[in-house]
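**Q** This is input.tsv (TSV, C-alpha atoms and all ligand atoms).
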chain	number	residue	atom	x	y	z
A	734	MET	CA	-55.81	22.37	97.52
A	735	ARG	CA	-57.79	19.69	95.71
A	736	LYS	CA	-60.52	20.87	93.34
A	737	LYS	CA	-64.03	20.62	94.80
A	738	ILE	CA	-66.53	19.84	92.07
A	739	ALA	CA	-70.31	19.78	91.70
A	740	ALA	CA	-70.99	17.79	88.53
A	741	ALA	CA	-74.46	17.58	87.02
A	742	ASN	CA	-75.30	14.44	85.06
A	743	TRP	CA	-78.43	15.11	83.04
A	744	LYS	CA	-78.36	11.56	81.60
A	745	MET	CA	-81.02	11.15	78.85
A	746	ASN	CA	-83.32	13.83	80.21
A	747	LEU	CA	-84.70	17.19	79.04
A	748	THR	CA	-85.26	18.61	75.58
A	749	LEU	CA	-82.84	21.16	74.18
A	750	GLN	CA	-85.24	23.94	75.17
A	751	GLN	CA	-85.67	22.59	78.70
A	752	GLY	CA	-81.92	22.17	79.08
A	753	GLU	CA	-81.26	25.73	77.95
A	754	GLN	CA	-83.89	27.04	80.36
A	755	LEU	CA	-82.38	25.03	83.21
A	756	LEU	CA	-78.95	26.55	82.57
A	757	THR	CA	-80.47	30.04	82.30
A	758	ASP	CA	-82.26	29.58	85.62
A	759	ILE	CA	-79.17	28.17	87.38
A	760	LEU	CA	-77.03	31.07	86.10
A	761	LEU	CA	-79.54	33.58	87.47
A	762	LYS	CA	-79.12	32.26	91.02
A	763	PRO	CA	-76.27	33.49	93.17
A	764	HIS	CA	-73.35	31.13	93.36
A	765	ASP	CA	-69.89	32.24	94.03
A	766	LEU	CA	-67.36	29.66	92.86
A	767	LYS	CA	-63.97	30.14	94.44
A	768	ALA	CA	-60.74	29.35	92.60
A	769	HIS	CA	-60.65	25.75	93.90
A	770	GLN	CA	-64.33	25.08	93.10
A	771	GLN	CA	-65.94	23.99	89.84
A	772	ALA	CA	-69.42	23.35	88.50
A	773	LEU	CA	-69.68	20.97	85.61
A	774	PHE	CA	-72.63	20.03	83.40
A	775	ALA	CA	-72.64	16.65	81.64
A	776	VAL	CA	-75.35	17.08	79.04
A	777	PRO	CA	-76.57	14.95	76.11
A	778	PHE	CA	-74.35	15.11	73.01
A	779	PRO	CA	-76.63	17.33	70.88
A	780	TYR	CA	-76.79	19.97	73.62
A	781	LEU	CA	-73.04	20.34	74.03
A	782	PRO	CA	-72.65	23.40	71.73
A	783	MET	CA	-75.64	25.10	73.35
A	784	ALA	CA	-74.18	24.53	76.82
A	785	VAL	CA	-70.70	25.66	75.76
A	786	ASN	CA	-72.15	28.90	74.34
A	787	LYS	CA	-74.39	29.47	77.32
A	788	LEU	CA	-71.59	29.00	79.87
A	789	ALA	CA	-68.87	30.80	77.90
A	790	GLY	CA	-66.97	33.25	80.06
A	791	LYS	CA	-68.35	31.87	83.34
A	792	ASN	CA	-65.50	31.27	85.73
A	793	ASN	CA	-64.92	27.69	86.87
A	794	VAL	CA	-67.96	26.35	85.01
A	795	PHE	CA	-67.44	23.57	82.45
A	796	VAL	CA	-69.41	21.38	80.09
A	797	ALA	CA	-68.81	17.63	79.90
A	798	ALA	CA	-69.89	14.84	77.60
A	799	GLN	CA	-71.42	11.75	79.19
A	800	ASN	CA	-69.35	9.29	77.16
A	801	CYS	CA	-66.90	9.02	74.27
A	802	SER	CA	-65.58	6.34	71.96
A	803	ASN	CA	-62.42	4.32	72.57
A	804	LYS	CA	-61.67	4.71	68.85
A	805	LYS	CA	-59.98	7.69	67.22
A	806	SER	CA	-62.25	8.05	64.17
A	807	GLY	CA	-63.76	6.07	61.35
A	808	ALA	CA	-66.57	3.64	60.65
A	809	TYR	CA	-68.18	3.46	64.09
A	810	THR	CA	-71.76	4.53	63.44
A	811	GLY	CA	-73.38	6.27	66.37
A	812	GLU	CA	-70.14	6.80	68.28
A	813	VAL	CA	-68.61	10.15	69.24
A	814	SER	CA	-64.84	10.58	69.38
A	815	VAL	CA	-62.64	12.72	71.60
A	816	GLU	CA	-61.73	14.80	68.54
A	817	ILE	CA	-65.40	15.45	67.75
A	818	LEU	CA	-66.02	16.54	71.34
A	819	GLN	CA	-63.02	18.86	71.28
A	820	SER	CA	-64.20	20.39	68.03
A	821	VAL	CA	-67.27	21.69	69.90
A	822	GLY	CA	-65.21	22.96	72.84
A	823	ILE	CA	-65.49	20.09	75.31
A	824	GLU	CA	-62.71	19.46	77.84
A	825	TYR	CA	-64.33	16.89	80.17
A	826	VAL	CA	-66.00	13.53	79.67
A	827	VAL	CA	-67.72	11.19	82.13
A	828	LEU	CA	-66.46	7.63	81.66
A	829	GLY	CA	-67.66	4.34	83.07
A	830	HIS	CA	-70.89	5.49	84.64
A	831	SER	CA	-72.57	2.40	86.12
A	832	GLU	CA	-75.44	2.78	83.64
A	833	ARG	CA	-72.96	2.46	80.78
A	834	ARG	CA	-71.25	-0.47	82.47
A	835	GLU	CA	-74.59	-2.21	83.05
A	836	TYR	CA	-76.62	-1.42	79.90
A	837	PHE	CA	-73.81	-1.05	77.36
A	838	ASN	CA	-71.42	-3.69	78.70
A	839	GLU	CA	-68.54	-1.32	79.35
A	840	SER	CA	-65.76	-3.32	80.96
A	841	ASN	CA	-62.77	-2.18	82.98
A	842	GLN	CA	-60.60	-2.97	79.93
A	843	LEU	CA	-62.73	-0.90	77.55
A	844	LEU	CA	-62.61	1.97	80.03
A	845	ALA	CA	-58.83	1.70	80.16
A	846	GLU	CA	-58.84	2.24	76.37
A	847	LYS	CA	-61.21	5.20	76.66
A	848	LEU	CA	-59.00	6.73	79.34
A	849	ASP	CA	-55.96	6.28	77.10
A	850	ILE	CA	-57.48	8.04	74.13
A	851	CYS	CA	-58.73	10.88	76.33
A	852	LEU	CA	-55.43	11.39	78.10
A	853	ALA	CA	-53.43	11.22	74.88
A	854	ASN	CA	-55.55	14.11	73.60
A	855	ASN	CA	-55.89	16.36	76.67
A	856	MET	CA	-59.50	15.40	77.37
A	857	LYS	CA	-60.12	15.21	81.13
A	858	PRO	CA	-62.00	12.11	82.25
A	859	ILE	CA	-64.35	11.82	85.21
A	860	PHE	CA	-63.90	8.12	85.89
A	861	CYS	CA	-66.79	6.43	87.69
A	862	CYS	CA	-66.46	3.38	89.91
A	863	GLY	CA	-68.64	1.77	92.55
A	864	GLU	CA	-70.26	-1.46	93.63
A	865	PRO	CA	-73.71	-3.03	93.21
A	866	LEU	CA	-75.93	-3.83	96.18
A	867	ALA	CA	-74.98	-7.53	96.44
A	868	ILE	CA	-71.32	-6.60	96.80
A	869	ARG	CA	-72.10	-4.03	99.49
A	870	GLU	CA	-74.24	-6.58	101.34
A	871	ALA	CA	-71.34	-9.05	101.21
A	872	ASN	CA	-69.08	-6.26	102.50
A	873	THR	CA	-66.64	-6.79	99.64
A	874	GLN	CA	-66.96	-3.28	98.16
A	875	ASN	CA	-63.31	-2.43	98.77
A	876	GLU	CA	-62.06	-5.40	96.75
A	877	PHE	CA	-64.60	-4.68	94.01
A	878	VAL	CA	-63.61	-1.01	93.65
A	879	ALA	CA	-59.90	-1.83	93.97
A	880	LYS	CA	-60.25	-4.14	90.93
A	881	GLN	CA	-62.02	-1.42	88.93
A	882	LEU	CA	-59.19	0.99	89.73
A	883	ALA	CA	-56.43	-1.52	89.03
A	884	GLU	CA	-57.83	-2.72	85.69
A	885	SER	CA	-58.72	0.70	84.30
A	886	LEU	CA	-56.20	3.09	85.84
A	887	TYR	CA	-53.01	1.46	86.97
A	888	HIS	CA	-51.35	1.34	83.57
A	889	LEU	CA	-51.38	5.16	83.60
A	890	SER	CA	-48.39	7.29	84.53
A	891	ALA	CA	-48.62	9.51	87.60
A	892	ALA	CA	-48.87	12.56	85.36
A	893	GLN	CA	-51.79	11.00	83.50
A	894	LEU	CA	-53.54	9.96	86.70
A	895	GLN	CA	-53.45	13.56	87.90
A	896	GLU	CA	-55.62	14.58	84.95
A	897	ILE	CA	-58.44	12.35	86.15
A	898	VAL	CA	-61.32	13.06	88.49
A	899	ILE	CA	-62.72	9.96	90.19
A	900	ALA	CA	-66.41	9.59	91.01
A	901	TYR	CA	-67.28	6.87	93.51
A	902	GLU	CA	-70.91	5.93	92.97
A	903	PRO	CA	-72.41	2.99	94.86
A	904	ILE	CA	-74.91	1.61	92.34
A	905	TRP	CA	-77.45	0.91	95.09
A	906	ALA	CA	-77.60	4.65	95.79
A	907	ILE	CA	-77.97	5.92	92.20
A	908	GLY	CA	-81.45	7.20	91.46
A	909	THR	CA	-82.87	5.20	94.35
A	910	GLY	CA	-83.18	7.96	96.92
A	911	LYS	CA	-80.86	5.87	99.13
A	912	THR	CA	-77.68	7.73	99.96
A	913	ALA	CA	-74.56	6.26	101.46
A	914	THR	CA	-74.13	7.75	104.90
A	915	SER	CA	-71.39	10.34	105.09
A	916	ALA	CA	-69.38	7.82	107.16
A	917	GLN	CA	-69.79	5.12	104.46
A	918	ALA	CA	-68.77	7.62	101.78
A	919	GLN	CA	-65.75	8.82	103.74
A	920	GLU	CA	-64.63	5.26	104.49
A	921	ILE	CA	-64.52	4.14	100.87
A	922	HIS	CA	-63.18	7.46	99.57
A	923	ALA	CA	-60.31	7.15	102.06
A	924	PHE	CA	-59.81	3.57	100.86
A	925	ILE	CA	-59.66	4.71	97.22
A	926	ARG	CA	-57.16	7.42	98.13
A	927	ALA	CA	-55.05	4.91	100.08
A	928	GLU	CA	-55.05	2.54	97.09
A	929	LEU	CA	-53.91	5.37	94.82
A	930	ALA	CA	-51.25	6.33	97.38
A	931	ALA	CA	-49.96	2.75	97.51
A	932	LYS	CA	-49.59	2.73	93.73
A	933	TYR	CA	-48.60	6.35	92.97
A	934	GLY	CA	-47.49	7.86	96.30
A	935	ALA	CA	-49.32	10.01	98.82
A	936	ALA	CA	-48.68	13.37	97.12
A	937	ILE	CA	-50.31	12.24	93.88
A	938	ALA	CA	-53.21	10.55	95.70
A	939	ASP	CA	-53.79	13.68	97.75
A	940	SER	CA	-54.10	15.80	94.64
A	941	ILE	CA	-56.92	13.78	93.06
A	942	SER	CA	-60.53	14.87	93.49
A	943	ILE	CA	-62.84	12.01	94.44
A	944	LEU	CA	-66.53	12.87	94.01
A	945	TYR	CA	-69.41	11.01	95.64
A	946	GLY	CA	-72.45	10.10	93.56
A	947	GLY	CA	-75.71	8.50	94.62
A	948	SER	CA	-78.81	10.54	95.47
A	949	VAL	CA	-76.88	13.67	96.42
A	950	LYS	CA	-79.36	16.45	97.11
A	951	ALA	CA	-79.50	19.86	98.74
A	952	SER	CA	-80.41	18.30	102.08
A	953	ASN	CA	-77.40	15.95	102.30
A	954	ALA	CA	-74.72	17.74	100.26
A	955	VAL	CA	-73.20	19.79	103.10
A	956	GLU	CA	-72.81	16.71	105.30
A	957	LEU	CA	-71.35	14.55	102.52
A	958	PHE	CA	-69.01	17.26	101.23
A	959	SER	CA	-67.72	17.99	104.73
A	960	GLN	CA	-66.00	14.60	104.81
A	961	PRO	CA	-62.25	15.01	104.34
A	962	ASP	CA	-61.97	12.68	101.35
A	963	VAL	CA	-65.21	13.68	99.61
A	964	ASP	CA	-64.39	16.41	97.09
A	965	GLY	CA	-67.87	17.13	95.80
A	966	GLY	CA	-70.54	15.18	93.98
A	967	LEU	CA	-71.73	13.70	90.70
A	968	VAL	CA	-75.42	14.44	90.76
A	969	GLY	CA	-78.21	12.95	88.65
A	970	GLY	CA	-81.81	13.63	89.66
A	971	ALA	CA	-81.16	16.71	91.78
A	972	SER	CA	-79.15	18.34	89.00
A	973	LEU	CA	-82.37	18.74	87.00
A	974	ILE	CA	-83.92	20.99	89.67
A	975	VAL	CA	-82.64	24.57	89.76
A	976	ASP	CA	-82.75	25.22	93.50
A	977	GLU	CA	-81.41	21.76	94.35
A	978	PHE	CA	-78.38	22.02	92.10
A	979	VAL	CA	-77.60	25.61	93.06
A	980	ALA	CA	-77.68	24.55	96.72
A	981	ILE	CA	-75.36	21.63	95.91
A	982	ILE	CA	-72.91	24.01	94.20
A	983	ASN	CA	-73.08	26.27	97.23
A	984	ALA	CA	-72.45	23.29	99.53
A	985	LEU	CA	-68.95	22.81	98.11
A	986	PRO	CA	-66.37	23.47	100.78
B	1	LIG	C1	-75.67	9.82	88.70
B	1	LIG	O1	-76.31	10.12	87.72
B	1	LIG	O2	-74.45	9.58	88.57
B	1	LIG	C2	-76.33	9.79	90.00
B	1	LIG	C3	-75.60	9.63	91.07
B	1	LIG	O3	-77.68	9.91	90.00
B	1	LIG	P1	-78.60	10.31	91.26
B	1	LIG	O4	-78.00	11.56	91.84
B	1	LIG	O5	-79.96	10.55	90.67
B	1	LIG	O6	-78.57	9.18	92.23
If you took the structure in this file and wrote it as C-alpha cells, what would it be?
Ligand code: PEP
**A**
Amino acid sequence: MRKKIAAANWKMNLTLQQGEQLLTDILLKPHDLKAHQQALFAVPFPYLPMAVNKLAGKNNVFVAAQNCSNKKSGAYTGEVSVEILQSVGIEYVVLGHSERREYFNESNQLLAEKLDICLANNMKPIFCCGEPLAIREANTQNEFVAKQLAESLYHLSAAQLQEIVIAYEPIWAIGTGKTATSAQAQEIHAFIRAELAAKYGAAIADSISILYGGSVKASNAVELFSQPDVDGGLVGGASLIVDEFVAIINALP
C-alpha cells in the first residue's frame, strides 16, 4: 500500500518557542498513525534539531527541511547542504515549492540537480509541482505539470524515483483559501500517475505517494484524501493550528 502522508510546511513562521509549543500541543492530542501513514513536519532550518529531539521515538513521525543546496559543500554562504541536514538527523527535504520557484528562481533544471544530490545521499525529497492561475485558466495545467516532471525527474532511475514523494500544489490554491475541488485534484493526480506509468511502468507509478497541497484544512481533508490518487496533503496555514493539523493527520485514509 502507498504511504499516506500529512506534511506540515511551517514556511517562515513561528519562533523557536512557538514551534516547540506547537509540536508539544500536537503530540498531546490523540492520533493513531498506522504503519502506512506518516506525519511530517517541515520546519525552518534552525528548528530542525529541536524538532528531531521532540519527535524522537514517535512512530511514523518525521522532520523535514524546507530546502537544500544543489552543491555538496564549500563556499556557498547561506546555503545548507544535504550533509549538514543529515548531521542533525534529517531524512526528508521539500524541494521546488512554488514559493522557492517564484521568489528564488528555482528552475526545473536546478531542481533536477537538487534531486540528484539528495538521492545520491539517501535524503528523501518531497518534490513539489503545480501550475499558476493563468495556466489553469487556459486549461493547460497537464502540459505544464508534465514539463515540470519531465525536466526534473525523468533522468532518474526507477529505483531513485521510488524514493521521492510528489506534492501537486496548484499555485492558485496555496495560501489563498481556494482549494481545488476533490475532482480537480483527483483528475490531475491521476494524470501525474499516468505520466509516471508511461515513463516508468504502472507498478512503479502505483507505488509513489502524490500529496495534494493548496488550502488543505480540517474541513476538506477527508474529502480530498478519499480520492484514489490523493495520498495525503502538504499543508501550510492549517499546519500552524493544533486542532486543524491533528484533524488533517486523522483524515489520512
Ligand atoms: C503549502 O505551504 O505548500 C501550502 C499548500 O500552503 P496552504 O496550505 O496555506 O495553502
**Q** Padding 8 Å on each side, edges along x, y and z: where is the centre of the box around the listed atoms of region 751-764 of chain A, and how long are its edges in Å to one decimal? Output it as JSON.
**A**
{"center_x": -79.5, "center_y": 27.9, "center_z": 85.7, "size_x": 28.3, "size_y": 27.4, "size_z": 31.4}
**Q** From the list A:Arg735, A:His769, A:Lys911, A:Lys847, which residue is nearest ligand LIG 1 (chain B) when using only C-alpha atoms and all ligand atoms?
**A**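 Among the listed residues, the smallest separation from ligand LIG 1 (chain B) belongs to A:Lys911.
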**Q** 6 Å from ligand LIG 1 (chain B) is the threshold here; counting all atoms listed in the file, which polymer residues fall inside it? Answer as a PyMOL selection string.
**A** chain A and resi 742+906-908+946-949+967-970
**Q** Identify, on the basis of all atoms listed in the file, every residue whose closest approach to Ile868 (chain A) does not exceed 8 Å; exclude the query and any residue fewer than 5 positions from it along the same chain; express the result as a PyMOL selection string.
**A** chain A and resi 873-874+877
**Q** Keeping C-alpha atoms for every residue in the selection just given, could you write it to a file as an mmCIF file, in the frame of the given file?
**A**
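For reference, result_27.cif as written:
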data_model
loop_
_atom_site.group_PDB
_atom_site.id
_atom_site.type_symbol
_atom_site.label_atom_id
_atom_site.label_comp_id
_atom_site.auth_asym_id
_atom_site.auth_seq_id
_atom_site.Cartn_x
_atom_site.Cartn_y
_atom_site.Cartn_z
ATOM 1 C CA THR A 873 -66.640 -6.790 99.640
ATOM 2 C CA GLN A 874 -66.960 -3.280 98.160
ATOM 3 C CA PHE A 877 -64.600 -4.680 94.010
#
**Q** Would you mind reading off the distance between CA of Phe795 (chain A) and CA of Asn841 (chain A), one decimal, in Å?
**A**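 Taking CA of Phe795 (chain A) and CA of Asn841 (chain A), their separation equals 26.2 Å.
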**Q** Residues near Leu973 (chain A), anyone? I mean within 10 Å using only C-alpha atoms, not counting same-chain ones fewer than 5 positions away, as an NGL selection string.
**A** :A and (741-744 or 746-747 or 751-752 or 755-756 or 759 or 968 or 978)
**Q** Counting only C-alpha atoms, which residue out of A:Ser959, A:Asn793, A:Asn803, A:Thr757 sits closest to Gln771 (chain A)?
**A**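 Nearest candidate to Gln771 (chain A) out of A:Ser959, A:Asn793, A:Asn803, A:Thr757: A:Asn793.
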**Q** When you count only C-alpha atoms, which of these residues is closest to Ile943 (chain A): A:Val955, A:Ala913, A:Leu866, A:Ala739?
**A**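 Of the candidates, the smallest distance to Ile943 (chain A) is held by A:Ala739.
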**Q** State, in Å with one decimal place, the distance from CA of Gln819 (chain A) to CA of Gln750 (chain A).
**A**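 Atom-to-atom, CA of Gln819 (chain A) to CA of Gln750 (chain A), that is 23.1 Å.
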**Q** What does the structure give for the distance between CA of Ala798 (chain A) and CA of Glu896 (chain A), in Å to one decimal?
**A**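 For CA of Ala798 (chain A) relative to CA of Glu896 (chain A), the distance reads 16.1 Å.
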**Q** Give me the residues near Glu846 (chain A) as a list in words, where near means some atom within 9 Å (using only C-alpha atoms) and where sequence neighbours in that chain fewer than 4 positions away do not count.
**A** Asn803, Lys804, Asn841, Gln842, Ile850, Cys851 and Ser885 of chain A
**Q** From the options A:Leu749, A:Glu812, A:Glu839, A:Ala740, which residue's atoms come nearest to Ala797 (chain A), counting only C-alpha atoms?
**A**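 Closest residue, counting only C-alpha atoms: A:Ala740.
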**Q** Which of these residues is nearest to Leu828 (chain A), using only C-alpha atoms: A:Thr914, A:Thr748, A:Ser802, A:Gln895?
**A** A:Ser802
**Q** Contacts of His888 (chain A) at 10 Å or less, counting only C-alpha atoms, minus same-chain residues fewer than 5 places along, as a list in words?
**A**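 Contacts, with the query itself left out: Ala845, Asp849, Leu882, Ala883, Gln893 and Leu894 of chain A.
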**Q** For Leu773 (chain A), which residue out of A:Leu985, A:Ala879, A:Val898, A:Val794 is the nearest one, using all atoms listed in the file?
**A**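 The answer is A:Val794, which sits nearest to Leu773 (chain A).
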**Q** Give me, as a list in words, all polymer residues having an atom no more than 12 Å from Glu824 (chain A), counting all atoms listed in the file and skipping those fewer than 4 positions away in the same chain.
**A**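 Near Glu824 (chain A), the qualifying residues are Leu773, Phe774, Ala775, Leu781, Val785, Val794, Phe795, Val796, Ala797, Ala798, Gln799, Cys801, Val815, Glu816, Ile817, Leu818, Gln819, Ser820, Cys851, Leu852, Asn854, Asn855, Met856, Lys857, Pro858, Ile859, Glu896 and Ile897 of chain A.
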**Q** Could you give me, as a compact mmCIF listing (two decimals) with C-alpha atoms, in the frame of the given file, the residues that sit within 6 Å of (-74.4, 14.7, 102.2) in the file's coordinates, counting all atoms listed in the file?
**A**
# COMPACT_ATOMS: atom_id res chain seq x y z
CA ASN A 953 -77.40 15.95 102.30
CA ALA A 954 -74.72 17.74 100.26
CA VAL A 955 -73.20 19.79 103.10
CA GLU A 956 -72.81 16.71 105.30
CA LEU A 957 -71.35 14.55 102.52
**Q** Kindly add all heavy atoms to the incomplete region 902-913 of chain A and provide the output as a tab-separated table (two decimals), in the coordinates of the input.
**A**
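Output contents, as saved in result_25.tsv:
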chain	number	residue	atom	x	y	z
A	902	GLU	N	-69.44	5.95	92.97
A	902	GLU	CA	-70.91	5.93	92.97
A	902	GLU	C	-71.40	4.53	93.31
A	902	GLU	O	-71.40	3.64	92.44
A	902	GLU	CB	-71.44	6.30	91.58
A	902	GLU	CG	-71.04	7.68	91.14
A	902	GLU	CD	-72.01	8.21	90.09
A	902	GLU	OE1	-72.18	7.56	89.05
A	902	GLU	OE2	-72.61	9.25	90.34
A	903	PRO	N	-71.83	4.30	94.54
A	903	PRO	CA	-72.41	2.99	94.86
A	903	PRO	C	-73.70	2.83	94.06
A	903	PRO	O	-74.59	3.69	94.12
A	903	PRO	CB	-72.67	3.09	96.36
A	903	PRO	CG	-72.73	4.54	96.68
A	903	PRO	CD	-71.89	5.24	95.66
A	904	ILE	N	-73.78	1.75	93.28
A	904	ILE	CA	-74.91	1.61	92.34
A	904	ILE	C	-76.24	1.56	93.09
A	904	ILE	O	-77.25	2.06	92.60
A	904	ILE	CB	-74.70	0.34	91.47
A	904	ILE	CG1	-73.42	0.52	90.63
A	904	ILE	CG2	-75.89	0.10	90.54
A	904	ILE	CD1	-72.96	-0.73	89.92
A	905	TRP	N	-76.22	1.02	94.30
A	905	TRP	CA	-77.45	0.91	95.09
A	905	TRP	C	-77.96	2.29	95.54
A	905	TRP	O	-79.08	2.39	96.03
A	905	TRP	CB	-77.23	0.00	96.30
A	905	TRP	CG	-75.96	0.27	97.05
A	905	TRP	CD1	-74.73	-0.26	96.78
A	905	TRP	CD2	-75.77	1.16	98.15
A	905	TRP	NE1	-73.79	0.23	97.65
A	905	TRP	CE2	-74.40	1.10	98.49
A	905	TRP	CE3	-76.63	1.98	98.88
A	905	TRP	CZ2	-73.87	1.84	99.55
A	905	TRP	CZ3	-76.11	2.72	99.93
A	905	TRP	CH2	-74.74	2.65	100.26
A	906	ALA	N	-77.17	3.31	95.36
A	906	ALA	CA	-77.60	4.65	95.79
A	906	ALA	C	-77.92	5.55	94.60
A	906	ALA	O	-78.34	6.68	94.79
A	906	ALA	CB	-76.51	5.29	96.64
A	907	ILE	N	-77.75	5.05	93.37
A	907	ILE	CA	-77.97	5.92	92.20
A	907	ILE	C	-79.44	5.90	91.81
A	907	ILE	O	-79.99	4.85	91.48
A	907	ILE	CB	-77.11	5.46	91.00
A	907	ILE	CG1	-75.62	5.59	91.35
A	907	ILE	CG2	-77.44	6.30	89.76
A	907	ILE	CD1	-74.69	5.13	90.24
A	908	GLY	N	-80.06	7.06	91.88
A	908	GLY	CA	-81.45	7.20	91.46
A	908	GLY	C	-82.44	6.47	92.34
A	908	GLY	O	-83.60	6.31	91.98
A	909	THR	N	-82.00	6.00	93.48
A	909	THR	CA	-82.87	5.20	94.35
A	909	THR	C	-83.38	6.00	95.53
A	909	THR	O	-84.26	5.54	96.26
A	909	THR	CB	-82.08	4.01	94.93
A	909	THR	OG1	-80.95	4.53	95.67
A	909	THR	CG2	-81.59	3.08	93.85
A	910	GLY	N	-82.82	7.18	95.74
A	910	GLY	CA	-83.18	7.96	96.92
A	910	GLY	C	-82.38	7.52	98.14
A	910	GLY	O	-82.36	8.19	99.16
A	911	LYS	N	-81.72	6.35	98.04
A	911	LYS	CA	-80.86	5.87	99.13
A	911	LYS	C	-79.49	6.52	98.99
A	911	LYS	O	-78.88	6.43	97.92
A	911	LYS	CB	-80.62	4.37	98.97
A	911	LYS	CG	-81.51	3.49	99.77
A	911	LYS	CD	-80.97	2.07	99.68
A	911	LYS	CE	-82.12	1.11	99.74
A	911	LYS	NZ	-81.74	-0.23	99.32
A	912	THR	N	-79.01	7.14	100.04
A	912	THR	CA	-77.68	7.73	99.96
A	912	THR	C	-76.77	6.94	100.89
A	912	THR	O	-77.21	6.52	101.96
A	912	THR	CB	-77.72	9.19	100.47
A	912	THR	OG1	-78.86	9.81	99.89
A	912	THR	CG2	-76.48	9.95	100.09
A	913	ALA	N	-75.53	6.79	100.49
A	913	ALA	CA	-74.56	6.26	101.46
A	913	ALA	C	-74.50	7.26	102.61
A	913	ALA	O	-74.65	8.47	102.38
A	913	ALA	CB	-73.20	6.13	100.79
